$ cat work05.cif   # mmCIF, C-alpha atoms (C1' of nucleotides) and all ligand atoms
data_coords
loop_
_atom_site.group_PDB
_atom_site.id
_atom_site.type_symbol
_atom_site.label_atom_id
_atom_site.label_comp_id
_atom_site.auth_asym_id
_atom_site.auth_seq_id
_atom_site.Cartn_x
_atom_site.Cartn_y
_atom_site.Cartn_z
ATOM 1 C CA MET X 1 24.672 26.166 1.372
ATOM 2 C CA LYS X 2 24.023 24.582 -1.967
ATOM 3 C CA TYR X 3 20.415 23.606 -1.230
ATOM 4 C CA ILE X 4 19.193 27.012 -0.158
ATOM 5 C CA GLU X 5 18.730 28.231 -3.692
ATOM 6 C CA LYS X 6 17.166 24.982 -4.810
ATOM 7 C CA LEU X 7 14.545 25.239 -2.113
ATOM 8 C CA ARG X 8 13.924 28.955 -2.620
ATOM 9 C CA ASN X 9 13.482 28.435 -6.332
ATOM 10 C CA SER X 10 10.823 25.841 -5.553
ATOM 11 C CA GLY X 11 8.938 28.172 -3.250
ATOM 12 C CA LEU X 12 9.988 26.178 -0.202
ATOM 13 C CA ARG X 13 11.551 28.027 2.682
ATOM 14 C CA PRO X 14 15.022 26.681 3.390
ATOM 15 C CA THR X 15 14.452 25.593 6.962
ATOM 16 C CA LYS X 16 17.025 23.782 9.032
ATOM 17 C CA GLN X 17 15.056 20.538 8.777
ATOM 18 C CA ARG X 18 14.644 20.721 5.008
ATOM 19 C CA LEU X 19 18.325 21.466 4.490
ATOM 20 C CA GLN X 20 19.318 18.564 6.690
ATOM 21 C CA ILE X 21 16.974 16.231 4.848
ATOM 22 C CA CYS X 22 18.514 17.462 1.591
ATOM 23 C CA GLU X 23 21.952 16.500 2.879
ATOM 24 C CA VAL X 24 20.826 13.015 3.834
ATOM 25 C CA LEU X 25 19.004 12.510 0.563
ATOM 26 C CA PHE X 26 21.267 14.185 -1.951
ATOM 27 C CA ASP X 27 24.802 14.426 -0.525
ATOM 28 C CA THR X 28 25.517 10.832 -1.451
ATOM 29 C CA GLU X 29 27.798 8.956 -3.809
ATOM 30 C CA THR X 30 24.916 6.956 -5.216
ATOM 31 C CA THR X 31 21.169 7.284 -5.346
ATOM 32 C CA PHE X 32 19.047 5.017 -3.174
ATOM 33 C CA HIS X 33 15.563 3.745 -2.440
ATOM 34 C CA PHE X 34 13.887 4.333 0.886
ATOM 35 C CA THR X 35 10.723 4.333 2.912
ATOM 36 C CA ILE X 36 9.784 7.189 5.213
ATOM 37 C CA ASN X 37 10.860 5.084 8.142
ATOM 38 C CA ASP X 38 14.205 4.270 6.555
ATOM 39 C CA LEU X 39 14.759 7.958 6.064
ATOM 40 C CA ALA X 40 13.766 8.928 9.593
ATOM 41 C CA ASN X 41 16.277 6.399 10.941
ATOM 42 C CA LYS X 42 18.984 7.527 8.566
ATOM 43 C CA ILE X 43 18.466 11.110 9.697
ATOM 44 C CA LYS X 44 18.728 10.165 13.353
ATOM 45 C CA ARG X 45 21.878 8.154 12.683
ATOM 46 C CA GLN X 46 23.610 10.699 10.471
ATOM 47 C CA LEU X 47 22.632 13.884 12.235
ATOM 48 C CA ASN X 48 22.479 12.516 15.786
ATOM 49 C CA HIS X 49 19.074 13.992 16.436
ATOM 50 C CA LYS X 50 15.594 13.316 15.231
ATOM 51 C CA ILE X 51 13.338 15.299 12.984
ATOM 52 C CA SER X 52 9.653 14.925 13.705
ATOM 53 C CA LEU X 53 8.097 12.147 11.645
ATOM 54 C CA ALA X 54 5.410 14.557 10.463
ATOM 55 C CA THR X 55 8.133 16.802 9.085
ATOM 56 C CA VAL X 56 9.783 13.913 7.298
ATOM 57 C CA TYR X 57 6.453 13.054 5.674
ATOM 58 C CA ASN X 58 5.773 16.663 4.780
ATOM 59 C CA THR X 59 9.218 17.179 3.329
ATOM 60 C CA VAL X 60 9.311 13.988 1.289
ATOM 61 C CA HIS X 61 5.914 14.784 -0.191
ATOM 62 C CA ALA X 62 6.952 18.346 -0.933
ATOM 63 C CA PHE X 63 10.131 17.147 -2.632
ATOM 64 C CA GLU X 64 8.219 14.546 -4.601
ATOM 65 C CA LYS X 65 5.762 17.176 -5.821
ATOM 66 C CA LYS X 66 8.689 19.349 -6.911
ATOM 67 C CA GLY X 67 10.251 16.418 -8.754
ATOM 68 C CA TYR X 68 13.269 15.927 -6.493
ATOM 69 C CA LEU X 69 12.111 12.456 -5.534
ATOM 70 C CA LYS X 70 10.157 9.760 -7.312
ATOM 71 C CA GLN X 71 7.654 7.368 -5.840
ATOM 72 C CA ILE X 72 8.167 3.773 -6.933
ATOM 73 C CA PRO X 73 5.011 1.875 -7.827
ATOM 74 C CA ILE X 74 5.239 -1.344 -5.871
ATOM 75 C CA ASN X 75 2.947 -3.290 -3.628
ATOM 76 C CA SER X 76 4.200 -2.953 -0.125
ATOM 77 C CA ASN X 77 2.692 -1.806 3.115
ATOM 78 C CA GLN X 78 5.075 1.112 2.954
ATOM 79 C CA THR X 79 5.595 3.610 0.160
ATOM 80 C CA TYR X 80 8.986 3.521 -1.515
ATOM 81 C CA PHE X 81 10.778 6.596 -2.787
ATOM 82 C CA ASP X 82 13.802 6.982 -5.020
ATOM 83 C CA THR X 83 16.453 9.684 -5.068
ATOM 84 C CA ASN X 84 17.229 8.604 -8.628
ATOM 85 C CA ILE X 85 14.842 10.788 -10.587
ATOM 86 C CA SER X 86 16.183 9.778 -13.986
ATOM 87 C CA ASP X 87 13.964 7.796 -16.313
ATOM 88 C CA HIS X 88 14.689 4.241 -15.131
ATOM 89 C CA HIS X 89 13.151 1.004 -13.985
ATOM 90 C CA HIS X 90 13.409 -1.573 -11.191
ATOM 91 C CA PHE X 91 14.065 -5.127 -10.286
ATOM 92 C CA TYR X 92 12.248 -6.203 -7.177
ATOM 93 C CA ASP X 93 13.855 -9.125 -5.408
ATOM 94 C CA LEU X 94 10.898 -10.889 -3.820
ATOM 95 C CA LYS X 95 13.020 -12.920 -1.411
ATOM 96 C CA GLU X 96 15.160 -10.054 -0.150
ATOM 97 C CA GLU X 97 12.417 -7.467 -0.578
ATOM 98 C CA LYS X 98 14.937 -5.148 -2.187
ATOM 99 C CA LEU X 99 14.752 -2.792 -5.122
ATOM 100 C CA ILE X 100 17.552 -2.667 -7.677
ATOM 101 C CA ASP X 101 17.896 -0.040 -10.376
ATOM 102 C CA LEU X 102 17.528 -1.009 -13.991
ATOM 103 C CA GLU X 103 18.909 1.741 -16.157
ATOM 104 C CA ASN X 104 16.932 2.672 -19.192
ATOM 105 C CA SER X 105 19.683 1.174 -21.329
ATOM 106 C CA ASP X 106 19.200 -2.160 -19.538
ATOM 107 C CA VAL X 107 15.673 -2.303 -20.875
ATOM 108 C CA GLY X 108 15.011 -2.073 -24.580
ATOM 109 C CA PRO X 109 12.922 0.841 -25.794
ATOM 110 C CA ILE X 110 9.295 0.462 -24.794
ATOM 111 C CA LYS X 111 6.679 1.199 -27.404
ATOM 112 C CA ILE X 112 3.192 1.955 -26.179
ATOM 113 C CA LEU X 113 0.998 1.317 -29.202
ATOM 114 C CA LYS X 114 -2.391 1.901 -27.590
ATOM 115 C CA LYS X 115 -3.566 5.505 -27.251
ATOM 116 C CA ILE X 116 -6.186 6.936 -24.912
ATOM 117 C CA GLY X 117 -7.980 9.961 -26.303
ATOM 118 C CA GLY X 118 -7.159 13.258 -24.628
ATOM 119 C CA LYS X 119 -4.514 11.728 -22.383
ATOM 120 C CA LYS X 120 -0.764 12.097 -22.487
ATOM 121 C CA ILE X 121 1.791 9.623 -21.231
ATOM 122 C CA LYS X 122 3.464 11.019 -18.150
ATOM 123 C CA SER X 123 5.716 8.100 -17.336
ATOM 124 C CA VAL X 124 6.438 4.512 -18.243
ATOM 125 C CA GLU X 125 7.707 2.361 -15.418
ATOM 126 C CA VAL X 126 8.760 -1.260 -15.557
ATOM 127 C CA LEU X 127 8.883 -3.499 -12.510
ATOM 128 C CA VAL X 128 10.682 -6.808 -12.936
ATOM 129 C CA LYS X 129 10.027 -9.249 -10.115
ATOM 130 C CA LEU X 130 12.829 -11.667 -9.305
ATOM 131 C CA GLU X 131 12.658 -15.058 -7.638
ATOM 132 C CA ASP X 132 15.313 -17.654 -6.902
ATOM 133 C CA MET D 1 -20.755 -26.241 -9.891
ATOM 134 C CA LYS D 2 -17.866 -25.411 -12.132
ATOM 135 C CA TYR D 3 -15.683 -23.951 -9.414
ATOM 136 C CA ILE D 4 -15.800 -26.921 -7.063
ATOM 137 C CA GLU D 5 -13.149 -28.814 -8.953
ATOM 138 C CA LYS D 6 -10.988 -25.753 -9.402
ATOM 139 C CA LEU D 7 -10.936 -25.147 -5.651
ATOM 140 C CA ARG D 8 -10.430 -28.822 -4.761
ATOM 141 C CA ASN D 9 -7.538 -29.085 -7.170
ATOM 142 C CA SER D 10 -5.931 -26.131 -5.406
ATOM 143 C CA GLY D 11 -6.306 -27.705 -1.989
ATOM 144 C CA LEU D 12 -8.986 -25.204 -1.037
ATOM 145 C CA ARG D 13 -12.258 -26.544 0.340
ATOM 146 C CA PRO D 14 -15.155 -25.398 -1.820
ATOM 147 C CA THR D 15 -17.080 -23.514 0.805
ATOM 148 C CA LYS D 16 -20.236 -21.555 0.096
ATOM 149 C CA GLN D 17 -18.349 -18.277 0.521
ATOM 150 C CA ARG D 18 -15.501 -19.207 -1.787
ATOM 151 C CA LEU D 19 -17.882 -20.426 -4.480
ATOM 152 C CA GLN D 20 -19.865 -17.211 -4.273
ATOM 153 C CA ILE D 21 -16.726 -15.119 -4.498
ATOM 154 C CA CYS D 22 -15.727 -17.189 -7.537
ATOM 155 C CA GLU D 23 -19.003 -16.280 -9.191
ATOM 156 C CA VAL D 24 -18.556 -12.594 -8.541
ATOM 157 C CA LEU D 25 -14.960 -12.650 -9.705
ATOM 158 C CA PHE D 26 -15.019 -15.049 -12.624
ATOM 159 C CA ASP D 27 -18.597 -15.308 -13.986
ATOM 160 C CA THR D 28 -18.186 -12.100 -15.949
ATOM 161 C CA GLU D 29 -18.059 -11.034 -19.568
ATOM 162 C CA THR D 30 -14.854 -9.130 -19.034
ATOM 163 C CA THR D 31 -12.075 -9.114 -16.500
ATOM 164 C CA PHE D 32 -11.795 -6.236 -14.060
ATOM 165 C CA HIS D 33 -9.662 -4.473 -11.479
ATOM 166 C CA PHE D 34 -10.767 -4.150 -7.885
ATOM 167 C CA THR D 35 -9.837 -3.372 -4.319
ATOM 168 C CA ILE D 36 -10.970 -5.544 -1.412
ATOM 169 C CA ASN D 37 -13.548 -2.934 -0.600
ATOM 170 C CA ASP D 38 -14.848 -2.839 -4.162
ATOM 171 C CA LEU D 39 -15.231 -6.589 -4.031
ATOM 172 C CA ALA D 40 -16.996 -6.634 -0.678
ATOM 173 C CA ASN D 41 -19.515 -4.132 -2.032
ATOM 174 C CA LYS D 42 -19.958 -6.038 -5.270
ATOM 175 C CA ILE D 43 -20.679 -9.203 -3.295
ATOM 176 C CA LYS D 44 -23.294 -7.496 -1.160
ATOM 177 C CA ARG D 45 -24.931 -6.009 -4.240
ATOM 178 C CA GLN D 46 -24.897 -9.142 -6.380
ATOM 179 C CA LEU D 47 -25.657 -11.750 -3.741
ATOM 180 C CA ASN D 48 -27.841 -9.619 -1.472
ATOM 181 C CA HIS D 49 -25.948 -10.587 1.628
ATOM 182 C CA LYS D 50 -22.565 -9.852 3.009
ATOM 183 C CA ILE D 51 -19.545 -12.062 3.440
ATOM 184 C CA SER D 52 -17.319 -11.172 6.352
ATOM 185 C CA LEU D 53 -14.566 -8.777 5.350
ATOM 186 C CA ALA D 54 -12.004 -11.118 6.912
ATOM 187 C CA THR D 55 -13.210 -13.875 4.594
ATOM 188 C CA VAL D 56 -12.964 -11.613 1.569
ATOM 189 C CA TYR D 57 -9.366 -10.806 2.493
ATOM 190 C CA ASN D 58 -8.555 -14.460 3.179
ATOM 191 C CA THR D 59 -10.118 -15.624 -0.065
ATOM 192 C CA VAL D 60 -8.537 -12.990 -2.272
ATOM 193 C CA HIS D 61 -5.129 -13.741 -0.816
ATOM 194 C CA ALA D 62 -5.663 -17.490 -1.227
ATOM 195 C CA PHE D 63 -6.743 -16.993 -4.842
ATOM 196 C CA GLU D 64 -3.784 -14.747 -5.500
ATOM 197 C CA LYS D 65 -1.399 -17.312 -4.079
ATOM 198 C CA LYS D 66 -2.941 -19.942 -6.340
ATOM 199 C CA GLY D 67 -2.604 -17.666 -9.348
ATOM 200 C CA TYR D 68 -6.306 -16.997 -9.938
ATOM 201 C CA LEU D 69 -5.799 -13.295 -9.276
ATOM 202 C CA LYS D 70 -2.938 -10.884 -9.790
ATOM 203 C CA GLN D 71 -1.914 -8.008 -7.630
ATOM 204 C CA ILE D 72 -1.232 -4.828 -9.558
ATOM 205 C CA PRO D 73 1.851 -2.879 -8.488
ATOM 206 C CA ILE D 74 0.642 0.657 -8.010
ATOM 207 C CA ASN D 75 0.973 3.255 -5.312
ATOM 208 C CA SER D 76 -2.363 3.606 -3.685
ATOM 209 C CA ASN D 77 -3.578 3.411 -0.137
ATOM 210 C CA GLN D 78 -5.465 0.297 -1.174
ATOM 211 C CA THR D 79 -4.166 -2.823 -2.903
ATOM 212 C CA TYR D 80 -5.494 -3.427 -6.406
ATOM 213 C CA PHE D 81 -6.201 -6.871 -7.811
ATOM 214 C CA ASP D 82 -6.901 -8.029 -11.330
ATOM 215 C CA THR D 83 -9.038 -10.915 -12.546
ATOM 216 C CA ASN D 84 -7.086 -10.758 -15.797
ATOM 217 C CA ILE D 85 -4.201 -13.076 -15.037
ATOM 218 C CA SER D 86 -2.778 -12.995 -18.539
ATOM 219 C CA ASP D 87 0.586 -11.394 -19.088
ATOM 220 C CA HIS D 88 -0.425 -7.766 -19.580
ATOM 221 C CA HIS D 89 0.202 -4.214 -18.475
ATOM 222 C CA HIS D 90 -1.659 -1.111 -17.325
ATOM 223 C CA PHE D 91 -2.405 2.473 -17.970
ATOM 224 C CA TYR D 92 -3.097 4.410 -14.818
ATOM 225 C CA ASP D 93 -5.196 7.505 -15.365
ATOM 226 C CA LEU D 94 -3.972 9.857 -12.647
ATOM 227 C CA LYS D 95 -6.968 12.189 -12.909
ATOM 228 C CA GLU D 96 -9.649 9.505 -12.834
ATOM 229 C CA GLU D 97 -7.588 7.146 -10.646
ATOM 230 C CA LYS D 98 -8.552 4.285 -12.949
ATOM 231 C CA LEU D 99 -6.629 1.341 -14.317
ATOM 232 C CA ILE D 100 -6.942 0.378 -17.974
ATOM 233 C CA ASP D 101 -5.588 -2.829 -19.475
ATOM 234 C CA LEU D 102 -2.769 -2.695 -21.945
ATOM 235 C CA GLU D 103 -2.544 -5.991 -23.747
ATOM 236 C CA ASN D 104 0.879 -7.418 -24.284
ATOM 237 C CA SER D 105 0.487 -6.722 -27.993
ATOM 238 C CA ASP D 106 -0.102 -3.035 -27.195
ATOM 239 C CA VAL D 107 3.403 -2.855 -25.755
ATOM 240 C CA GLY D 108 6.415 -3.823 -27.806
ATOM 241 C CA PRO D 109 8.462 -6.768 -26.571
ATOM 242 C CA ILE D 110 10.446 -5.865 -23.473
ATOM 243 C CA LYS D 111 14.054 -6.943 -23.312
ATOM 244 C CA ILE D 112 15.663 -7.053 -19.898
ATOM 245 C CA LEU D 113 19.367 -6.927 -20.653
ATOM 246 C CA LYS D 114 20.692 -6.819 -17.094
ATOM 247 C CA LYS D 115 20.948 -10.115 -15.209
ATOM 248 C CA ILE D 116 21.132 -10.720 -11.477
ATOM 249 C CA GLY D 117 23.116 -13.786 -10.510
ATOM 250 C CA GLY D 118 21.046 -16.671 -9.161
ATOM 251 C CA LYS D 119 17.742 -14.913 -9.755
ATOM 252 C CA LYS D 120 15.064 -15.632 -12.304
ATOM 253 C CA ILE D 121 12.600 -13.194 -13.755
ATOM 254 C CA LYS D 122 9.152 -13.980 -12.425
ATOM 255 C CA SER D 123 7.223 -11.186 -14.082
ATOM 256 C CA VAL D 124 7.674 -7.979 -16.040
ATOM 257 C CA GLU D 125 5.028 -5.365 -15.441
ATOM 258 C CA VAL D 126 4.693 -1.989 -17.091
ATOM 259 C CA LEU D 127 2.739 0.874 -15.579
ATOM 260 C CA VAL D 128 2.031 3.814 -17.874
ATOM 261 C CA LYS D 129 0.818 6.878 -16.042
ATOM 262 C CA LEU D 130 -1.560 9.152 -17.951
ATOM 263 C CA GLU D 131 -2.241 12.837 -17.472
ATOM 264 C CA ASP D 132 -4.414 15.285 -19.376
ATOM 265 C "C1'" DC V 1 11.200 45.124 15.972
ATOM 266 C "C1'" DA V 2 6.321 44.084 14.676
ATOM 267 C "C1'" DC V 3 3.601 41.473 11.595
ATOM 268 C "C1'" DT V 4 2.191 37.778 8.535
ATOM 269 C "C1'" DT V 5 2.796 33.381 6.566
ATOM 270 C "C1'" DT V 6 4.903 29.109 6.568
ATOM 271 C "C1'" DT V 7 6.730 25.299 9.025
ATOM 272 C "C1'" DT V 8 7.542 22.143 12.728
ATOM 273 C "C1'" DT V 9 5.944 19.260 16.143
ATOM 274 C "C1'" DA V 10 3.709 15.934 19.391
ATOM 275 C "C1'" DG V 11 0.064 13.666 19.644
ATOM 276 C "C1'" DA V 12 -4.495 12.125 17.978
ATOM 277 C "C1'" DA V 13 -7.252 10.295 14.289
ATOM 278 C "C1'" DT V 14 -7.897 7.522 10.219
ATOM 279 C "C1'" DC V 15 -8.264 3.459 7.842
ATOM 280 C "C1'" DA V 16 -6.480 -0.567 5.208
ATOM 281 C "C1'" DT V 17 -4.896 -4.708 6.639
ATOM 282 C "C1'" DT V 18 -3.804 -8.516 9.799
ATOM 283 C "C1'" DA V 19 -4.408 -11.157 14.026
ATOM 284 C "C1'" DT V 20 -7.340 -13.552 17.412
ATOM 285 C "C1'" DA V 21 -10.075 -16.948 19.001
ATOM 286 C "C1'" DA V 22 -14.576 -18.899 19.239
ATOM 287 C "C1'" DA V 23 -18.226 -21.056 16.468
ATOM 288 C "C1'" DG V 24 -19.269 -23.387 12.192
ATOM 289 C "C1'" DT V 25 -18.336 -26.574 8.307
ATOM 290 C "C1'" DA V 26 -16.169 -30.019 5.134
ATOM 291 C "C1'" DG V 27 -14.228 -34.291 4.486
ATOM 292 C "C1'" DA V 28 -12.993 -38.792 6.116
ATOM 293 C "C1'" DC V 29 -13.960 -42.855 8.473
ATOM 294 C "C1'" DT V 30 -16.717 -45.838 11.161
ATOM 295 C "C1'" DA B 1 -26.101 -41.279 10.654
ATOM 296 C "C1'" DG B 2 -22.538 -40.093 14.061
ATOM 297 C "C1'" DT B 3 -17.661 -38.925 15.367
ATOM 298 C "C1'" DC B 4 -13.504 -36.885 14.734
ATOM 299 C "C1'" DT B 5 -10.265 -33.595 12.950
ATOM 300 C "C1'" DA B 6 -8.589 -30.048 10.261
ATOM 301 C "C1'" DC B 7 -9.967 -26.157 7.912
ATOM 302 C "C1'" DT B 8 -12.887 -22.031 7.459
ATOM 303 C "C1'" DT B 9 -15.728 -18.198 8.721
ATOM 304 C "C1'" DT B 10 -16.730 -14.529 11.579
ATOM 305 C "C1'" DA B 11 -16.944 -10.525 14.655
ATOM 306 C "C1'" DT B 12 -13.969 -7.946 16.797
ATOM 307 C "C1'" DA B 13 -9.551 -6.251 18.318
ATOM 308 C "C1'" DA B 14 -4.942 -4.969 17.223
ATOM 309 C "C1'" DT B 15 -1.504 -3.067 14.207
ATOM 310 C "C1'" DG B 16 0.793 0.252 11.778
ATOM 311 C "C1'" DA B 17 1.525 3.497 7.936
ATOM 312 C "C1'" DT B 18 -0.152 7.757 6.894
ATOM 313 C "C1'" DT B 19 -2.721 11.991 7.622
ATOM 314 C "C1'" DC B 20 -4.731 15.469 10.538
ATOM 315 C "C1'" DT B 21 -4.800 18.986 14.273
ATOM 316 C "C1'" DA B 22 -3.673 22.878 16.470
ATOM 317 C "C1'" DA B 23 -0.314 25.183 19.126
ATOM 318 C "C1'" DA B 24 4.533 26.750 19.206
ATOM 319 C "C1'" DA B 25 8.508 28.063 16.452
ATOM 320 C "C1'" DA B 26 10.812 29.980 12.599
ATOM 321 C "C1'" DA B 27 11.125 32.535 8.256
ATOM 322 C "C1'" DG B 28 10.424 36.461 5.430
ATOM 323 C "C1'" DT B 29 9.172 41.454 4.976
ATOM 324 C "C1'" DG B 30 9.515 46.096 5.858
HETATM 325 MN MN MN I 201 1.290 2.750 -0.423
HETATM 326 MN MN MN I 202 -0.772 -1.807 -0.238
HETATM 327 ZN ZN ZN I 203 15.564 3.490 -8.643
HETATM 328 ZN ZN ZN I 204 -5.411 -5.632 -15.838
#
$ encode --input "work05.cif" --output "structure tokens" --more "lines below"
Ligand SMILES: [Mn+2]
Ligand SMILES: [Mn+2]
Ligand SMILES: [Zn+2]
Ligand SMILES: [Zn+2]
Amino acid sequence: MKYIEKLRNSGLRPTKQRLQICEVLFDTETTFHFTINDLANKIKRQLNHKISLATVYNTVHAFEKKGYLKQIPINSNQTYFDTNISDHHHFYDLKEEKLIDLENSDVGPIKILKKIGGKKIKSVEVLVKLED
Amino acid sequence: MKYIEKLRNSGLRPTKQRLQICEVLFDTETTFHFTINDLANKIKRQLNHKISLATVYNTVHAFEKKGYLKQIPINSNQTYFDTNISDHHHFYDLKEEKLIDLENSDVGPIKILKKIGGKKIKSVEVLVKLED
DNA sequence: CACTTTTTTAGAATCATTATAAAGTAGACT
DNA sequence: AGTCTACTTTATAATGATTCTAAAAAAGTG
């Protein structure tokens, strides 16, 4: 399996659940945005059995810490994650409550002119809210 | 009182609680970022009595809907609001878990080149995460 | 196989937020 | 002022996403 090494190299044991979650998350044509609940449903649908919700939470957080997933800063009652870990931004359609990728090339270069002493920039994320 | 008109013009009755929350929010030298809980504590401290938490929630949401407050898109277990309603952005210090204003002039102009049919851009918000 | 450590799991706990519904208040009109 | 109505406040309950717990299962090691 192609994810066994990836997990081992991250210090995560390649359990059946983690490998299955890898398939659902990463064996896809395109990247996508999801909440934990979205993912739990997708797993049940695709694999025809459920993985404990606690495991889904644990795994998503582990993958996020390892950099295999990104959290999207947005105000929602649920946390959104992204399988697209490239440097990119988002439209948020307020009516549809949907996220849409904005590639870095779709946004001009962003210059941060202000500096905070002793701190480094870890990420720059743009959220563009859309209305009708 | 200077907030009576403001509230009336928004279709909000100028109640004692709303006027007091206006004072705490807007009678300040500088703008600030807060959670509902921060605000409830600030009220108790500054006014020496408490306003029901439900009223604080109701009022903050009413003010946000009227445009007197902005919600800051950030992943936290609590929702952050901003009394600075100007077009501006934020640093988020991951270590200190603090928000810092980034004036629009501190960030170069942002060009959104991608368009979504039938949708208008309502806001463009940049979140710059800081680490040590 | 033993043994240790990590992981999974169901269910409970937490806690920010929202809903409920009864009591209070503001505004309008006699 | 008093009456009426719609809006607001409030304590409290309900909701629901997330985290915690602790016991059972699985993984890795030799
Ligand atoms: Mn969240
Ligand atoms: Mn929130
Ligand atoms: Zn994305
Ligand atoms: Zn701000």
$ residues_near_ligand --input "work05.cif" --ligand "ligand MN 202 (chain I)" --cutoff "6 Å" --atoms "all atoms listed in the file" --output "list in words"
Asn75, Ser76 and Asn77 of chain X; Asn77, Gln78 and Thr79 of chain D
$ interface_residues --input "work05.cif" --of "chain D" --to "chain X" --cutoff "7 Å" --atoms "all atoms listed in the file" --output "JSON, numbers by chain"
{"D": [73, 74, 75, 106, 107, 108, 110, 111, 112, 113, 114, 118, 119, 120, 121, 122, 123, 124, 125, 126, 127, 128, 129, 130, 131, 132]}
$ resolve_selection --input "work05.cif" --expression "the PyMOL selection byres (((chain V and resi 23) around 12) and not hetatm)" --output "PyMOL selection string"
(chain V and resi 21-22+24-25) or (chain B and resi 8-11)
$ interface_residues --input "work05.cif" --of "chain V" --to "chain X" --cutoff "10 Å" --atoms "only C-alpha atoms (C1' of nucleotides)" --output "list in words"
DT6, DT7, DT8, DT9, DA10, DA16 and DT17 of chain V
$ resolve_selection --input "work05.cif" --expression "the PyMOL selection byres (((chain B and resi 29) around 12) and not hetatm)" --output "compact mmCIF listing (two decimals) with C-alpha atoms (C1' of nucleotides), keeping the file's coordinate frame"
# COMPACT_ATOMS: atom_id res chain seq x y z
C1' DC V 1 11.20 45.12 15.97
C1' DA V 2 6.32 44.08 14.68
C1' DC V 3 3.60 41.47 11.60
C1' DT V 4 2.19 37.78 8.54
C1' DT V 5 2.80 33.38 6.57
C1' DA B 27 11.12 32.53 8.26
C1' DG B 28 10.42 36.46 5.43
C1' DG B 30 9.52 46.10 5.86
$ closest_residue --input "work05.cif" --among "D:Thr59, D:Thr31, D:Asn9, D:Ser86" --to "chain B" --atoms "only C-alpha atoms (C1' of nucleotides)"
D:Thr59
$ build_atoms --input "work05.cif" --residues "region 88-99 of chain X" --atoms "N, CA, C and O atoms" --output "PDB file, in the frame of the given file"
ATOM      1  N   HIS X  88      14.106   5.578 -15.282  1.00  0.00           N
ATOM      2  CA  HIS X  88      14.689   4.241 -15.131  1.00  0.00           C
ATOM      3  C   HIS X  88      13.670   3.285 -14.526  1.00  0.00           C
ATOM      4  O   HIS X  88      12.560   3.681 -14.178  1.00  0.00           O
ATOM      5  N   HIS X  89      14.070   2.051 -14.407  1.00  0.00           N
ATOM      6  CA  HIS X  89      13.151   1.004 -13.985  1.00  0.00           C
ATOM      7  C   HIS X  89      13.713   0.220 -12.807  1.00  0.00           C
ATOM      8  O   HIS X  89      14.785   0.547 -12.315  1.00  0.00           O
ATOM      9  N   HIS X  90      12.980  -0.836 -12.386  1.00  0.00           N
ATOM     10  CA  HIS X  90      13.409  -1.573 -11.191  1.00  0.00           C
ATOM     11  C   HIS X  90      13.236  -3.076 -11.276  1.00  0.00           C
ATOM     12  O   HIS X  90      12.240  -3.561 -11.807  1.00  0.00           O
ATOM     13  N   PHE X  91      14.225  -3.747 -10.697  1.00  0.00           N
ATOM     14  CA  PHE X  91      14.065  -5.127 -10.286  1.00  0.00           C
ATOM     15  C   PHE X  91      13.500  -5.082  -8.873  1.00  0.00           C
ATOM     16  O   PHE X  91      13.875  -4.203  -8.083  1.00  0.00           O
ATOM     17  N   TYR X  92      12.662  -6.042  -8.565  1.00  0.00           N
ATOM     18  CA  TYR X  92      12.248  -6.203  -7.177  1.00  0.00           C
ATOM     19  C   TYR X  92      12.528  -7.648  -6.779  1.00  0.00           C
ATOM     20  O   TYR X  92      11.889  -8.572  -7.309  1.00  0.00           O
ATOM     21  N   ASP X  93      13.484  -7.807  -5.888  1.00  0.00           N
ATOM     22  CA  ASP X  93      13.855  -9.125  -5.408  1.00  0.00           C
ATOM     23  C   ASP X  93      12.847  -9.541  -4.339  1.00  0.00           C
ATOM     24  O   ASP X  93      12.840  -9.005  -3.235  1.00  0.00           O
ATOM     25  N   LEU X  94      12.002 -10.504  -4.707  1.00  0.00           N
ATOM     26  CA  LEU X  94      10.898 -10.889  -3.820  1.00  0.00           C
ATOM     27  C   LEU X  94      11.410 -11.512  -2.523  1.00  0.00           C
ATOM     28  O   LEU X  94      10.832 -11.275  -1.460  1.00  0.00           O
ATOM     29  N   LYS X  95      12.479 -12.275  -2.610  1.00  0.00           N
ATOM     30  CA  LYS X  95      13.020 -12.920  -1.411  1.00  0.00           C
ATOM     31  C   LYS X  95      13.612 -11.864  -0.468  1.00  0.00           C
ATOM     32  O   LYS X  95      13.274 -11.830   0.712  1.00  0.00           O
ATOM     33  N   GLU X  96      14.474 -11.040  -0.983  1.00  0.00           N
ATOM     34  CA  GLU X  96      15.160 -10.054  -0.150  1.00  0.00           C
ATOM     35  C   GLU X  96      14.328  -8.801   0.095  1.00  0.00           C
ATOM     36  O   GLU X  96      14.702  -7.958   0.906  1.00  0.00           O
ATOM     37  N   GLU X  97      13.241  -8.673  -0.662  1.00  0.00           N
ATOM     38  CA  GLU X  97      12.417  -7.467  -0.578  1.00  0.00           C
ATOM     39  C   GLU X  97      13.247  -6.212  -0.831  1.00  0.00           C
ATOM     40  O   GLU X  97      13.143  -5.235  -0.103  1.00  0.00           O
ATOM     41  N   LYS X  98      14.063  -6.281  -1.863  1.00  0.00           N
ATOM     42  CA  LYS X  98      14.937  -5.148  -2.187  1.00  0.00           C
ATOM     43  C   LYS X  98      14.730  -4.679  -3.616  1.00  0.00           C
ATOM     44  O   LYS X  98      14.516  -5.469  -4.519  1.00  0.00           O
ATOM     45  N   LEU X  99      14.832  -3.383  -3.788  1.00  0.00           N
ATOM     46  CA  LEU X  99      14.752  -2.792  -5.122  1.00  0.00           C
ATOM     47  C   LEU X  99      16.146  -2.608  -5.692  1.00  0.00           C
ATOM     48  O   LEU X  99      17.079  -2.248  -4.967  1.00  0.00           O
TER      49      LEU X  99
END
